[in-house]
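**Student:** Enclosed is the structure file start.cif (mmCIF, C-alpha atoms).
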```cif
data_query
loop_
_atom_site.label_atom_id
_atom_site.label_comp_id
_atom_site.auth_asym_id
_atom_site.auth_seq_id
_atom_site.Cartn_x
_atom_site.Cartn_y
_atom_site.Cartn_z
CA MET A 11 17.01 -34.31 84.51
CA GLY A 12 18.91 -31.14 85.37
CA ARG A 13 19.57 -29.79 88.85
CA THR A 14 18.09 -26.43 89.81
CA ILE A 15 20.26 -24.45 92.23
CA ALA A 16 19.00 -21.29 93.97
CA VAL A 17 21.87 -18.96 94.90
CA THR A 18 20.56 -16.94 97.80
CA ASN A 19 21.36 -14.89 100.87
CA GLN A 20 19.02 -12.37 102.48
CA LYS A 21 22.03 -10.17 103.17
CA GLY A 22 23.22 -8.02 100.26
CA GLY A 23 26.86 -7.52 99.25
CA VAL A 24 28.00 -11.10 99.90
CA GLY A 25 28.96 -11.99 96.33
CA LYS A 26 25.64 -13.66 95.52
CA THR A 27 25.32 -12.43 91.93
CA THR A 28 29.07 -12.80 91.34
CA THR A 29 28.75 -16.43 92.46
CA ALA A 30 25.67 -17.12 90.30
CA ILE A 31 27.27 -15.64 87.16
CA ASN A 32 30.67 -17.25 87.56
CA LEU A 33 29.42 -20.64 88.73
CA ALA A 34 27.12 -20.77 85.67
CA ALA A 35 29.97 -19.69 83.36
CA CYS A 36 32.35 -22.32 84.81
CA LEU A 37 29.73 -25.08 84.52
CA THR A 38 29.24 -24.07 80.87
CA GLU A 39 33.02 -24.10 80.36
CA ALA A 40 32.93 -27.71 81.64
CA ASN A 41 30.56 -28.55 78.74
CA LYS A 42 27.39 -28.51 80.81
CA LYS A 43 24.21 -27.04 79.36
CA VAL A 44 23.24 -24.22 81.72
CA LEU A 45 20.34 -21.81 82.10
CA ILE A 46 20.78 -18.90 84.50
CA VAL A 47 17.64 -17.23 85.85
CA ASP A 48 17.96 -13.59 86.92
CA ALA A 49 15.30 -13.35 89.64
CA ASP A 50 16.69 -10.11 91.09
CA PRO A 51 15.03 -6.81 90.05
CA GLN A 52 18.46 -5.16 90.04
CA GLY A 53 19.17 -7.17 86.88
CA ASN A 54 22.89 -7.42 87.65
CA THR A 55 23.15 -10.98 86.37
CA THR A 56 21.59 -9.85 83.09
CA SER A 57 24.01 -6.93 82.60
CA GLY A 58 26.91 -8.97 84.01
CA LEU A 59 26.48 -11.42 81.13
CA GLY A 60 26.54 -8.78 78.41
CA LEU A 61 22.84 -7.93 77.95
CA GLU A 62 21.47 -4.39 77.99
CA LYS A 63 18.91 -4.87 80.77
CA ASN A 64 16.98 -1.65 80.15
CA ASN A 65 16.40 -2.40 76.46
CA LEU A 66 14.71 -5.78 76.80
CA ASP A 67 11.31 -6.42 75.22
CA ALA A 68 10.42 -9.01 77.85
CA THR A 69 11.85 -10.29 81.14
CA ILE A 70 11.07 -12.81 83.84
CA TYR A 71 8.43 -10.29 85.01
CA GLN A 72 6.22 -11.12 82.00
CA LEU A 73 6.94 -14.82 82.56
CA LEU A 74 5.67 -14.74 86.16
CA LEU A 75 2.54 -12.88 85.09
CA GLY A 76 1.86 -15.47 82.37
CA GLU A 77 2.26 -12.97 79.51
CA ILE A 78 5.01 -14.92 77.71
CA GLU A 79 6.05 -18.56 77.25
CA ILE A 80 9.36 -19.59 78.80
CA LYS A 81 10.83 -20.82 75.51
CA GLU A 82 10.20 -17.37 73.97
CA LEU A 83 12.11 -15.68 76.78
CA ILE A 84 15.30 -17.77 76.88
CA MET A 85 18.17 -15.67 75.50
CA ASP A 86 21.85 -16.17 74.67
CA THR A 87 24.58 -14.48 76.73
CA CYS A 88 28.19 -13.47 76.04
CA VAL A 89 29.17 -17.01 77.12
CA GLU A 90 28.64 -19.48 74.31
CA GLY A 91 26.21 -22.19 75.44
CA LEU A 92 24.98 -20.28 78.51
CA ASN A 93 21.34 -19.17 78.30
CA ILE A 94 19.49 -16.69 80.49
CA LEU A 95 16.01 -15.67 81.61
CA PRO A 96 16.74 -11.93 81.98
CA SER A 97 15.48 -9.37 84.47
CA ASN A 98 15.32 -5.63 85.15
CA MET A 99 13.60 -3.18 87.51
CA ASN A 100 10.14 -4.17 86.20
CA LEU A 101 10.40 -7.32 88.28
CA ALA A 102 9.97 -5.26 91.45
CA GLY A 103 6.32 -4.80 90.46
CA ALA A 104 5.67 -8.55 90.44
CA GLU A 105 5.47 -8.57 94.23
CA ILE A 106 2.28 -6.45 94.12
CA GLU A 107 0.86 -8.01 90.93
CA LEU A 108 1.02 -11.52 92.40
CA VAL A 109 -0.80 -10.70 95.64
CA GLY A 110 -3.91 -12.84 95.84
CA ARG A 111 -2.82 -15.04 92.91
CA GLU A 112 -3.62 -18.67 93.66
CA LYS A 113 -0.54 -20.90 94.10
CA ARG A 114 1.71 -17.92 93.40
CA GLU A 115 4.66 -19.63 95.13
CA TYR A 116 4.71 -22.31 92.41
CA ILE A 117 4.71 -20.10 89.27
CA LEU A 118 8.46 -20.29 88.60
CA LYS A 119 8.58 -24.02 89.37
CA GLU A 120 5.83 -24.72 86.84
CA GLN A 121 7.52 -22.59 84.16
CA LEU A 122 10.96 -24.15 84.65
CA ALA A 123 9.44 -27.66 84.52
CA VAL A 124 8.81 -27.04 80.80
CA VAL A 125 12.56 -26.71 80.04
CA LYS A 126 14.23 -28.54 82.93
CA ASN A 127 15.12 -31.57 80.83
CA ASP A 128 16.90 -29.34 78.29
CA PHE A 129 19.59 -28.31 80.80
CA ASP A 130 22.15 -29.97 83.07
CA PHE A 131 21.95 -27.08 85.54
CA ILE A 132 19.56 -24.21 86.15
CA VAL A 133 21.11 -21.52 88.38
CA ILE A 134 18.74 -18.97 89.94
CA ASP A 135 20.12 -15.66 91.23
CA CYS A 136 17.67 -14.64 93.98
CA PRO A 137 16.94 -11.14 95.31
CA PRO A 138 18.78 -10.17 98.55
CA SER A 139 15.56 -10.32 100.57
CA LEU A 140 12.84 -12.76 101.51
CA ASN A 141 9.88 -11.98 99.26
CA THR A 142 7.51 -13.73 96.86
CA ILE A 143 10.22 -13.97 94.18
CA THR A 144 12.70 -15.61 96.58
CA VAL A 145 10.05 -18.05 97.80
CA ASN A 146 9.27 -18.86 94.13
CA ALA A 147 12.96 -19.57 93.54
CA LEU A 148 13.27 -21.79 96.63
CA THR A 149 10.10 -23.67 95.67
CA ALA A 150 11.47 -24.23 92.15
CA ALA A 151 14.93 -25.32 93.33
CA ASP A 152 16.34 -28.75 94.13
CA THR A 153 19.14 -27.28 96.22
CA VAL A 154 20.21 -23.96 97.77
CA LEU A 155 23.73 -22.58 97.51
CA VAL A 156 24.52 -19.90 100.07
CA PRO A 157 27.45 -17.50 99.53
CA ILE A 158 28.55 -15.88 102.78
CA GLN A 159 31.10 -13.21 103.40
CA CYS A 160 33.83 -13.92 105.92
CA GLU A 161 32.63 -11.46 108.56
CA TYR A 162 31.02 -11.72 111.98
CA PHE A 163 27.47 -10.67 111.05
CA ALA A 164 27.40 -13.30 108.31
CA LEU A 165 26.81 -15.93 110.99
CA GLU A 166 23.63 -14.19 112.20
CA GLY A 167 22.29 -13.94 108.66
CA LEU A 168 23.06 -17.59 107.99
CA GLU A 169 20.90 -18.75 110.90
CA GLN A 170 17.92 -16.75 109.59
CA LEU A 171 18.43 -18.11 106.09
CA LEU A 172 18.61 -21.74 107.21
CA TYR A 173 15.38 -21.18 109.14
CA THR A 174 13.72 -19.84 105.96
CA ILE A 175 14.98 -22.77 103.88
CA ASN A 176 13.53 -25.21 106.42
CA LEU A 177 10.22 -23.37 106.39
CA VAL A 178 10.00 -23.61 102.57
CA LYS A 179 10.99 -27.29 102.80
CA GLN A 180 8.20 -28.01 105.31
CA ARG A 181 5.45 -26.09 103.56
CA LEU A 182 6.19 -25.80 99.84
CA ASN A 183 9.08 -27.94 98.63
CA PRO A 184 9.77 -31.11 100.68
CA ALA A 185 12.61 -32.13 98.33
CA LEU A 186 14.65 -28.94 98.93
CA GLU A 187 18.19 -29.56 100.21
CA LEU A 188 21.11 -27.36 101.20
CA GLU A 189 23.56 -27.52 98.26
CA GLY A 190 26.24 -25.94 100.38
CA VAL A 191 27.77 -22.80 101.83
CA VAL A 192 30.58 -21.09 99.95
CA PHE A 193 32.80 -18.46 101.55
CA THR A 194 33.36 -15.30 99.50
CA MET A 195 35.59 -12.24 99.81
CA TYR A 196 38.07 -14.21 101.90
CA ASP A 197 41.05 -12.22 103.08
CA ALA A 198 43.82 -14.53 104.32
CA ARG A 199 45.47 -11.60 106.11
CA THR A 200 42.71 -11.25 108.71
CA ASN A 201 42.13 -13.52 111.68
CA LEU A 202 38.41 -12.79 111.51
CA SER A 203 38.05 -14.49 108.10
CA LEU A 204 39.64 -17.61 109.54
CA GLU A 205 37.43 -17.53 112.67
CA VAL A 206 34.22 -17.20 110.63
CA VAL A 207 35.21 -20.13 108.41
CA GLU A 208 35.97 -22.34 111.43
CA GLU A 209 32.74 -21.34 113.19
CA VAL A 210 30.53 -22.21 110.19
CA LYS A 211 32.39 -25.48 109.57
CA LYS A 212 31.70 -26.44 113.19
CA SER A 213 27.95 -26.10 112.79
CA LEU A 214 27.49 -27.19 109.14
CA GLY A 215 30.31 -29.69 108.55
CA ASP A 216 30.04 -31.31 105.13
CA SER A 217 27.69 -28.63 103.83
CA VAL A 218 30.61 -26.19 103.57
CA TYR A 219 32.45 -26.19 100.26
CA ARG A 220 36.20 -26.72 100.35
CA THR A 221 36.63 -23.95 97.77
CA ILE A 222 36.92 -20.47 99.23
CA ILE A 223 36.54 -17.44 96.95
CA PRO A 224 39.21 -14.84 97.72
CA ARG A 225 38.92 -11.07 97.58
CA ASN A 226 40.02 -10.40 94.01
CA VAL A 227 40.16 -7.10 92.14
CA ARG A 228 39.55 -8.75 88.76
CA LEU A 229 36.34 -10.39 90.07
CA GLY A 230 35.09 -6.94 91.04
CA GLU A 231 35.96 -5.42 87.66
CA ALA A 232 34.43 -8.11 85.42
CA PRO A 233 30.70 -7.17 85.76
CA SER A 234 31.32 -3.59 84.58
CA HIS A 235 32.59 -5.10 81.31
CA GLY A 236 29.52 -7.37 81.02
CA LEU A 237 31.70 -10.48 81.31
CA PRO A 238 32.11 -13.39 83.73
CA ILE A 239 35.59 -13.79 85.20
CA THR A 240 36.33 -16.73 82.85
CA LEU A 241 36.19 -14.36 79.88
CA TYR A 242 37.49 -11.20 81.57
CA ASP A 243 40.61 -12.71 83.15
CA SER A 244 40.70 -16.47 82.73
CA LYS A 245 43.94 -16.93 84.69
CA SER A 246 43.02 -14.81 87.70
CA LYS A 247 42.66 -16.27 91.20
CA GLY A 248 38.94 -15.52 91.03
CA ALA A 249 38.50 -17.56 87.84
CA GLU A 250 40.47 -20.49 89.25
CA SER A 251 38.42 -20.44 92.47
CA TYR A 252 35.07 -20.51 90.65
CA ARG A 253 36.29 -23.37 88.44
CA LEU A 254 37.09 -25.34 91.61
CA LEU A 255 33.66 -24.53 93.01
CA ALA A 256 32.01 -25.71 89.76
CA GLU A 257 33.97 -28.99 90.04
CA GLU A 258 32.68 -29.50 93.58
CA VAL A 259 29.10 -28.77 92.47
CA MET A 260 29.40 -31.28 89.63
CA GLU A 261 30.83 -33.93 91.99
CA LYS A 262 27.80 -33.77 94.29
CA GLU A 263 25.16 -36.37 93.54
CA TRP A 264 21.58 -35.58 94.44
CA GLU A 265 18.62 -37.89 94.28
#
```
Go ahead and render the structure in this file as structure tokens.
**Tutor:**
Amino acid sequence: MGRTIAVTNQKGGVGKTTTAINLAACLTEANKKVLIVDADPQGNTTSGLGLEKNNLDATIYQLLLGEIEIKELIMDTCVEGLNILPSNMNLAGAEIELVGREKREYILKEQLAVVKNDFDFIVIDCPPSLNTITVNALTAADTVLVPIQCEYFALEGLEQLLYTINLVKQRLNPALELEGVVFTMYDARTNLSLEVVEEVKKSLGDSVYRTIIPRNVRLGEAPSHGLPITLYDSKSKGAESYRLLAEEVMEKEWE
């Protein structure tokens, strides 16, 4: 059975979507069967993998409302072998539509259960906030991968996020585990980056990935071309870093 990984951070601008896209692409490159779920109304994962998000007939929004079957919604991306459940701004309306719905936190989990055995990994790109969609993603996930930027305020945000993960674990998903923390936008020239890394390692130890994603111009350019870094610039530092991260993810064994 495949592993479902929620990529989340309540703080925006930390490389969350970049990590979801490129981790999924690198896992696919390693011959794993991968489904990426765009659970963010901004739809950046959808457009970042070559789909025209505003021209879609159906998205994860219809899936959550029970208007479409999951197998009808799975689409191909620009990466051969990587499938997606796409999203766009319509998803923002799901928050209101699901109010009062019984067991609304479990909708995504129940839908993904239908196809979970078809994939080695399911990667969920969560919204940069704590809302019904994020809770759905955390309830559906086996593990949580947290990208954090190497800056001081990242530490504050991490504490809040770990509290949220524990809350979901206690109340909705007892099997949920922390996949790991990955540092993004690392700038070796600044002392602060180094201090943040050391501080997080002190408190989380083995939960911190060895791989650190550097600040990389090519990584920033790739989404505007609708490509993951592996297709946009396969030899860049960004591509190499995400391949190393994918290797670490594959090495981890979960019950």
**Student:** For the structure provided, state which residues fall under the PyMOL selection byres ((chain A and resi 235) around 12), and present them as a tab-separated table (two decimals) with C-alpha atoms, in the frame of the given file.
**Tutor:**
```
chain	number	residue	atom	x	y	z
A	54	ASN	CA	22.89	-7.42	87.65
A	57	SER	CA	24.01	-6.93	82.60
A	58	GLY	CA	26.91	-8.97	84.01
A	59	LEU	CA	26.48	-11.42	81.13
A	60	GLY	CA	26.54	-8.78	78.41
A	61	LEU	CA	22.84	-7.93	77.95
A	62	GLU	CA	21.47	-4.39	77.99
A	88	CYS	CA	28.19	-13.47	76.04
A	228	ARG	CA	39.55	-8.75	88.76
A	229	LEU	CA	36.34	-10.39	90.07
A	230	GLY	CA	35.09	-6.94	91.04
A	231	GLU	CA	35.96	-5.42	87.66
A	232	ALA	CA	34.43	-8.11	85.42
A	233	PRO	CA	30.70	-7.17	85.76
A	234	SER	CA	31.32	-3.59	84.58
A	236	GLY	CA	29.52	-7.37	81.02
A	237	LEU	CA	31.70	-10.48	81.31
A	238	PRO	CA	32.11	-13.39	83.73
A	239	ILE	CA	35.59	-13.79	85.20
A	241	LEU	CA	36.19	-14.36	79.88
A	242	TYR	CA	37.49	-11.20	81.57
A	243	ASP	CA	40.61	-12.71	83.15
```
**Student:** Work out how far apart CA of Phe131 in chain A and CA of Gly12 in chain A are and give it in Å to one decimal.
**Tutor:**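 Between CA of Phe131 in chain A and CA of Gly12 in chain A the gap works out to 5.1 Å.
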**Student:** Would you please work out which residue, of A:Thr144, A:Ser217, A:Gln180, A:Ser244, is nearest to Thr18 in chain A when using only C-alpha atoms?
**Tutor:**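 The closest residue to Thr18 in chain A is A:Thr144.
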**Student:** With the cut-off set at 12 Å and counting only C-alpha atoms, tabulate each residue of range 52-99 of chain A with an atom at most that distance from an atom of range 105-120 of chain A, showing the nearest atom pair and its distance in Å to one decimal, ordered by chain and increasing number, as a Markdown table.
**Tutor:**
```
| residue | atom | partner | partner_atom | distance |
| --- | --- | --- | --- | --- |
| A:Ile70 | CA | A:Leu118 | CA | 9.2 |
| A:Tyr71 | CA | A:Glu105 | CA | 9.8 |
| A:Gln72 | CA | A:Glu107 | CA | 10.9 |
| A:Leu73 | CA | A:Leu118 | CA | 8.3 |
| A:Leu74 | CA | A:Ile117 | CA | 6.3 |
| A:Leu75 | CA | A:Leu108 | CA | 7.6 |
| A:Gly76 | CA | A:Ile117 | CA | 8.8 |
| A:Glu79 | CA | A:Glu120 | CA | 11.4 |
| A:Ile80 | CA | A:Leu118 | CA | 9.9 |
| A:Leu95 | CA | A:Leu118 | CA | 11.3 |
| A:Met99 | CA | A:Glu105 | CA | 11.8 |
```
**Student:** Kindly list the centre and edge lengths in Å, rounded to one decimal, for the axis-aligned box that covers all listed atoms of range 239-257 of chain A plus 6 Å on each of its six sides, as lines of an AutoDock Vina configuration file.
**Tutor:**
```
center_x = 38.0
center_y = -20.1
center_z = 86.4
size_x = 23.9
size_y = 29.8
size_z = 25.1
```
**Student:** Determine, counting only C-alpha atoms, which protein, DNA and RNA residues have an atom within 8 Å of an atom of Ile158 in chain A; residues of the same chain fewer than 6 positions away are not included. Present the result as a VMD selection string.
**Tutor:** chain A and resid 19 24 to 25 164 168 191 to 194
**Student:** What's the separation between CA of Leu186 in chain A and CA of Gly22 in chain A, in Å to one decimal place?
**Tutor:**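 Interatomic distance here is 22.6 Å.
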**Student:** Have a look at CA of Thr87 in chain A and CA of Asn146 in chain A and let me know their distance in Å, one decimal.
**Tutor:**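 Computed distance, CA of Thr87 in chain A to CA of Asn146 in chain A, equals 23.6 Å.
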**Student:** May I have the residues within 9 Å of Thr55 in chain A as a VMD selection string, using only C-alpha atoms and disregarding those fewer than 3 positions away in the same chain?
**Tutor:** chain A and resid 27 to 28 30 to 31 46 to 50 52 58 to 61 94 96 to 97 135 233
**Student:** Expanded to explicit residues, what is the PyMOL selection byres ((chain A and resi 165) around 12) for this file, as number ranges by chain?
**Tutor:** A: 19, 21, 156-164, 166-172, 191, 193, 203, 205-214
**Student:** Restricting the calculation to only C-alpha atoms: of A:Ala40, A:Leu122, A:Leu140, A:Val17, which residue gets closest to Lys81 in chain A?
**Tutor:**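 Smallest distance to Lys81 in chain A is found for A:Leu122.
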**Student:** Got a sec to resolve the PyMOL selection byres ((chain A and resi 128) around 8) on this structure and send the residues as a list in words?
**Tutor:**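 On the file shown, the PyMOL selection byres ((chain A and resi 128) around 8) covers Met11, Gly12, Lys43, Val125, Lys126, Asn127, Phe129 and Asp130 of chain A.
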**Student:** Neighbours of Pro224 in chain A within 10 Å (only C-alpha atoms; same-chain residues fewer than 3 positions away dropped), as a PyMOL selection string?
**Tutor:** chain A and resi 160+193-198+221+227+229+247-248+251-252
**Student:** Return the single residue from A:Leu188, A:Val44, A:Met85, A:Asp67 that is closest to Asn32 in chain A, with distances computed using all atoms listed in the file.
**Tutor:**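 For Asn32 in chain A, the nearest of the given residues is A:Val44.
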**Student:** Please list, as a PDB file with C-alpha atoms, in the frame of the given file, the residues that have an atom at most 10 Å away from (31.0, -27.9, 83.1) in the coordinates of this file, counting all atoms listed in the file.
**Tutor:**
```pdb
ATOM      1  CA  LEU A  33      29.420 -20.640  88.730  1.00  0.00           C
ATOM      2  CA  ALA A  34      27.120 -20.770  85.670  1.00  0.00           C
ATOM      3  CA  ALA A  35      29.970 -19.690  83.360  1.00  0.00           C
ATOM      4  CA  CYS A  36      32.350 -22.320  84.810  1.00  0.00           C
ATOM      5  CA  LEU A  37      29.730 -25.080  84.520  1.00  0.00           C
ATOM      6  CA  THR A  38      29.240 -24.070  80.870  1.00  0.00           C
ATOM      7  CA  GLU A  39      33.020 -24.100  80.360  1.00  0.00           C
ATOM      8  CA  ALA A  40      32.930 -27.710  81.640  1.00  0.00           C
ATOM      9  CA  ASN A  41      30.560 -28.550  78.740  1.00  0.00           C
ATOM     10  CA  LYS A  42      27.390 -28.510  80.810  1.00  0.00           C
ATOM     11  CA  LYS A  43      24.210 -27.040  79.360  1.00  0.00           C
ATOM     12  CA  VAL A  44      23.240 -24.220  81.720  1.00  0.00           C
ATOM     13  CA  ASP A 130      22.150 -29.970  83.070  1.00  0.00           C
ATOM     14  CA  PHE A 131      21.950 -27.080  85.540  1.00  0.00           C
ATOM     15  CA  ARG A 253      36.290 -23.370  88.440  1.00  0.00           C
ATOM     16  CA  ALA A 256      32.010 -25.710  89.760  1.00  0.00           C
ATOM     17  CA  GLU A 257      33.970 -28.990  90.040  1.00  0.00           C
ATOM     18  CA  VAL A 259      29.100 -28.770  92.470  1.00  0.00           C
ATOM     19  CA  MET A 260      29.400 -31.280  89.630  1.00  0.00           C
TER      20      MET A 260
END
```
**Student:** Between A:Asp86, A:Thr153, A:Asn98, A:Leu92, which residue has the minimum interatomic distance to Asn64 in chain A, considering all atoms listed in the file?
**Tutor:**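 Going through A:Asp86, A:Thr153, A:Asn98, A:Leu92 one by one, the smallest distance to Asn64 in chain A is for A:Asn98.
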**Student:** Of the candidates A:Asn183, A:Ala16, A:Leu45, A:Leu66, which shows the shortest atom-to-atom distance to Ile143 in chain A, using all atoms listed in the file?
**Tutor:**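 Closest residue, counting all atoms listed in the file: A:Ala16.
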**Student:** Counting all atoms listed in the file, figure out which residue out of A:Thr69, A:Thr240, A:Arg225, A:Asp152 gets nearest to Glu90 in chain A.
**Tutor:** A:Thr240
